[in-house]
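Undergrad: Quick one: structure below, then a few questions.
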There are 2 protein chains.
Amino acid sequence: MTIDWNVERIAIVGVGLIGGSLARALKAACAVTEVIGIGRNEPNLRRAVELGVIDRFATDVEAGVDGADIVVIATPVGAMQELCGRIAPVLGRDSVVTDVGSVKRAPVEAARAAFGDNFTRFVPGHPVAGTEKSGVEASFAELYRQRTVILTPDPETDPAAVQRITDMWYTTGARVTTMTFGDHDRILATTSHLPHMLAFALVDFVASSNDADAHFELAAGGFYDFTRIASSDPVMWRDISLANADELGAKLRQFADHLQKVTRAVEDGDGAWLQRAFGNARRARTDALVQRERCDSKK
Amino acid sequence: MTIDWNVERIAIVGVGLIGGSLARALKAACAVTEVIGIGRNEPNLRRAVELGVIDRFATDVEAGVDGADIVVIATPVGAMQELCGRIAPVLGRDSVVTDVGSVKRAPVEAARAAFGDNFTRFVPGHPVAGTEKSGVEASFAELYRQRTVILTPDPETDPAAVQRITDMWYTTGARVTTMTFGDHDRILATTSHLPHMLAFALVDFVASSNDADAHFELAAGGFYDFTRIASSDPVMWRDISLANADELGAKLRQFADHLQKVTRAVEDGDGAWLQRAFGNARRARTDALVQRERCDSKK
């Protein structure tokens, strides 16, 4: 932890699950004096004030970010370009901007185009956390505890800006790691974006069957766990899919090849192959979970 | 509920998660006088006695089923044929046999071949319940509470035998429904077997990537929920895949076509299509869950 955390005011654009939970965590830690919520949906913002998630709100982006030490863009990724364009002209000289998008190339490009020389003060970020719920009502202060936040600073990014955003996330109980946006988008395409596509596609597949009701009725709990992520916000996922189309498309095709092998083993009755593949998967998942718990207990 | 539940002794072949949980539930409800566990793994059976799951055990199938009012075959499906062949000659004249397999055509065929005239006393069953764990240590009496048990009796099956097995499952807190084995294997191929293949394939896909460790490390909680079912028993799932190969192979191919459409929409940047598909999936899943909870609260 550094000692010069000197942040009075944070502006959060988009007060939903992610932005709202960040606001709650910062307030719970008494880390900021004022949180300003920015959005287009005034009733939602009023509700956020009522819930104590934010202190006040603005529906005008330019007014809302004025005087903020940190501006957090927590909207679906598709809104980044427009928002960066509106924030750039009014950005305070010591302000740092960050985002929370599940893809990183597109926000970086939007920020570079909009901020010009001030691009050094944009710190691309992605808290790898969430639930299938959305909206400020679903937000809670503990969402980021022991979760990983990935920052993907550019070589040009000001180290002090990175430090400020790192400290912000430490305050929420998260761990912070850095990598290139290319590595981020490639890895997350596999571990997050692909599973979401599979879950969406499976539910859609079941829903489009002739006797969908009977199918859903006979589905075991495992089916509902498996498809929990299919209840995530459709607009957010549309934007992620579009923004990471190259990596995600490639992973979808590679996974389809992989599934084709499973399909052939099933059709060929190749029990030895199937048992080995299932055993490998079980072992890999168990090992990863053991590793994960070991890390958690070290915190 | 009928009033002539007159069962003293139950023999359970295979004392793992499923068989052990059934034994625990029946004992918790004081529904039987004696539960005999049958298996090949003597230390496991001894442990089951220590845990109070079963009263005594036999490693010899023929000896174990002697005098049992109900014989429950709770082994992986691949063992059905051999077990039916061994049980048939020693089956008591009032005994009823059932199984718990996740596929139903194969057990029905095995039983028909083995039992001859006594096939009328075989009641094919499938409790749609489980966890990713296996073994008697993981068993618990509440596993079947508010879960669905599907029975797939043949037109020849003795209605009194069906009633006895229905009552057995009612005792565990389950609901019981009946259908043909064809419908069962077709529906479960979609709602259970396909998701398991996807989960196994996804974990295997991640594990086979160049930097698998980094992938697992950066996977969010959603990934581990999503792949929970990939930790299920490999032998059990090998047997299910082989026994339902026709239906499962067909569903895998249909799903691959479905996924292909998602892939094209991603690659073509068709945001409207993606948002609609994601929205449909979210709605279908939410509606199914609401329906499910409504049913649960009626119990």
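Here's how to read the names in the structure tokens: chain A, B, ... by the order shown, residue numbers from 1 in each chain, ligand numbers from 1 in the order shown.
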Within 10 Å of stretch 55-64 of chain B, counting only C-alpha atoms, which residues qualify if same-chain residues fewer than 3 places away don't, as a VMD selection string?

TA: chain B and resid 10 to 13 15 23 27 33 to 42 45 to 46 48 to 52 67 to 68 71 83 86 to 91

Undergrad: Find the residues around B:Arg175 up to 12 Å (only C-alpha atoms counted), leave out those fewer than 2 positions away in its own chain, and share them as a VMD selection string.

TA: (chain A and resid 217 to 218) or (chain B and resid 1 126 to 129 144 to 151 165 to 173 177 to 178 295 to 296 298 to 299)

Undergrad: Using only C-alpha atoms, which residue out of A:Ala113, A:Leu242, A:Ile54, A:Val100 lies closest to chain B?

TA: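 Counting only C-alpha atoms, the residue closest to chain B is A:Leu242.
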
Undergrad: Please identify all polymer residues within 7 Å of B:Pro234, counting only C-alpha atoms, omitting same-chain residues fewer than 2 positions from it, and present them as a list in words.

TA: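 Skipping anything fewer than 2 positions along the chain leaves Gln275, Phe278 and Gly279 of chain A; Ser232, Met236, Trp237 and Arg238 of chain B.
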
Undergrad: Would you export the selected residues with C-alpha atoms as an mmCIF file, in the first residue's frame, please?

TA:
data_model
loop_
_atom_site.group_PDB
_atom_site.id
_atom_site.type_symbol
_atom_site.label_atom_id
_atom_site.label_comp_id
_atom_site.auth_asym_id
_atom_site.auth_seq_id
_atom_site.Cartn_x
_atom_site.Cartn_y
_atom_site.Cartn_z
ATOM 1 C CA GLN A 275 -13.133 -41.691 -19.711
ATOM 2 C CA PHE A 278 -13.535 -36.672 -18.508
ATOM 3 C CA GLY A 279 -10.862 -37.680 -16.011
ATOM 4 C CA SER B 232 -18.478 -35.489 -11.886
ATOM 5 C CA MET B 236 -20.325 -42.796 -14.663
ATOM 6 C CA TRP B 237 -20.254 -40.276 -17.490
ATOM 7 C CA ARG B 238 -18.414 -42.590 -19.831
#

Undergrad: Can you tell me, as JSON, numbers by chain, which residues in stretch 121-259 of chain A count as strand (DSSP E) by DSSP?

TA: {"A": [122, 123, 125, 126, 127, 128, 148, 149, 150, 151, 175, 176, 177, 178]}

Undergrad: Restricting the calculation to only C-alpha atoms, which member of A:Glu82, A:Asp257, A:Glu267, A:Asp154 is positioned closest to chain B?

TA: A:Glu267

Undergrad: Just the number, please: distance in Å from atom CA of B:Asn118 to atom CA of B:Lys104, one decimal.

TA: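 Between atom CA of B:Asn118 and atom CA of B:Lys104 the gap works out to 17.9 Å.
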
Undergrad: Atom CA of A:Arg285 and atom CA of A:Ala220 are how many Å apart?

TA: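 For atom CA of A:Arg285 relative to atom CA of A:Ala220, the distance reads 21.1 Å.
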
Undergrad: Find the residue from B:Phe255, B:Phe119, B:Phe223, B:Phe216 that sits nearest to A:His196; use only C-alpha atoms when measuring.

TA: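 That would be B:Phe223, the residue with the smallest distance to A:His196.
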
Undergrad: Using only C-alpha atoms, which of the listed residues (A:Ser134, A:Gln254, A:Asn210, A:Thr191) sits closest to chain B?

TA: A:Thr191

Undergrad: Within 8 Å of B:Ile187, counting only C-alpha atoms, which residues qualify if same-chain residues fewer than 2 places away don't, as a list in words?

TA: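 Neighbouring residues, sequence-local ones excluded: Ala214, His215 and Leu218 of chain A; Asp183, His184, Asp185, Ala189, Thr190 and Thr191 of chain B.
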
Undergrad: Those residues with C-alpha atoms, as a PDB file, in the first residue's frame please?

TA:
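That gives us result-v2.pdb:
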ATOM      1  CA  ALA A 214     -40.859 -30.461 -20.272  1.00  0.00           C
ATOM      2  CA  HIS A 215     -37.149 -29.915 -20.811  1.00  0.00           C
ATOM      3  CA  LEU A 218     -36.806 -32.027 -15.912  1.00  0.00           C
TER       4      LEU A 218
ATOM      5  CA  ASP B 183     -38.778 -39.501 -24.016  1.00  0.00           C
ATOM      6  CA  HIS B 184     -36.497 -39.714 -21.000  1.00  0.00           C
ATOM      7  CA  ASP B 185     -33.354 -40.396 -22.988  1.00  0.00           C
ATOM      8  CA  ALA B 189     -29.708 -35.838 -23.566  1.00  0.00           C
ATOM      9  CA  THR B 190     -30.403 -32.108 -23.882  1.00  0.00           C
ATOM     10  CA  THR B 191     -30.845 -30.994 -20.271  1.00  0.00           C
TER      11      THR B 191
END

Undergrad: If you count only C-alpha atoms, which residues fall within 8 Å of A:Leu248, apart from same-chain ones fewer than 6 positions away, as an MDAnalysis selection string?

TA: (chainID A and resid 186 189:190 193:194 241) or (chainID B and resid 266)

Undergrad: Please identify the alpha helix (DSSP H) residues within stretch 4-160 of chain B (assignment by DSSP from backbone atoms) and present them as an MDAnalysis selection string.

TA: chainID B and resid 17:28 42:50 61:65 80:87 105:115 159:160

Undergrad: For each of A:Ala31, A:Ala74, A:Val203, A:Ala138, take the minimum atom-to-atom distance to A:Arg9, counting only C-alpha atoms, then give the residue where this is smallest.

TA: A:Ala31

Undergrad: Just give me the gap between atom CA of B:Phe122 and atom CA of B:Ala243 in Å, one decimal is fine.

TA: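 Rounded to one decimal, the two atoms are 18.5 Å apart.
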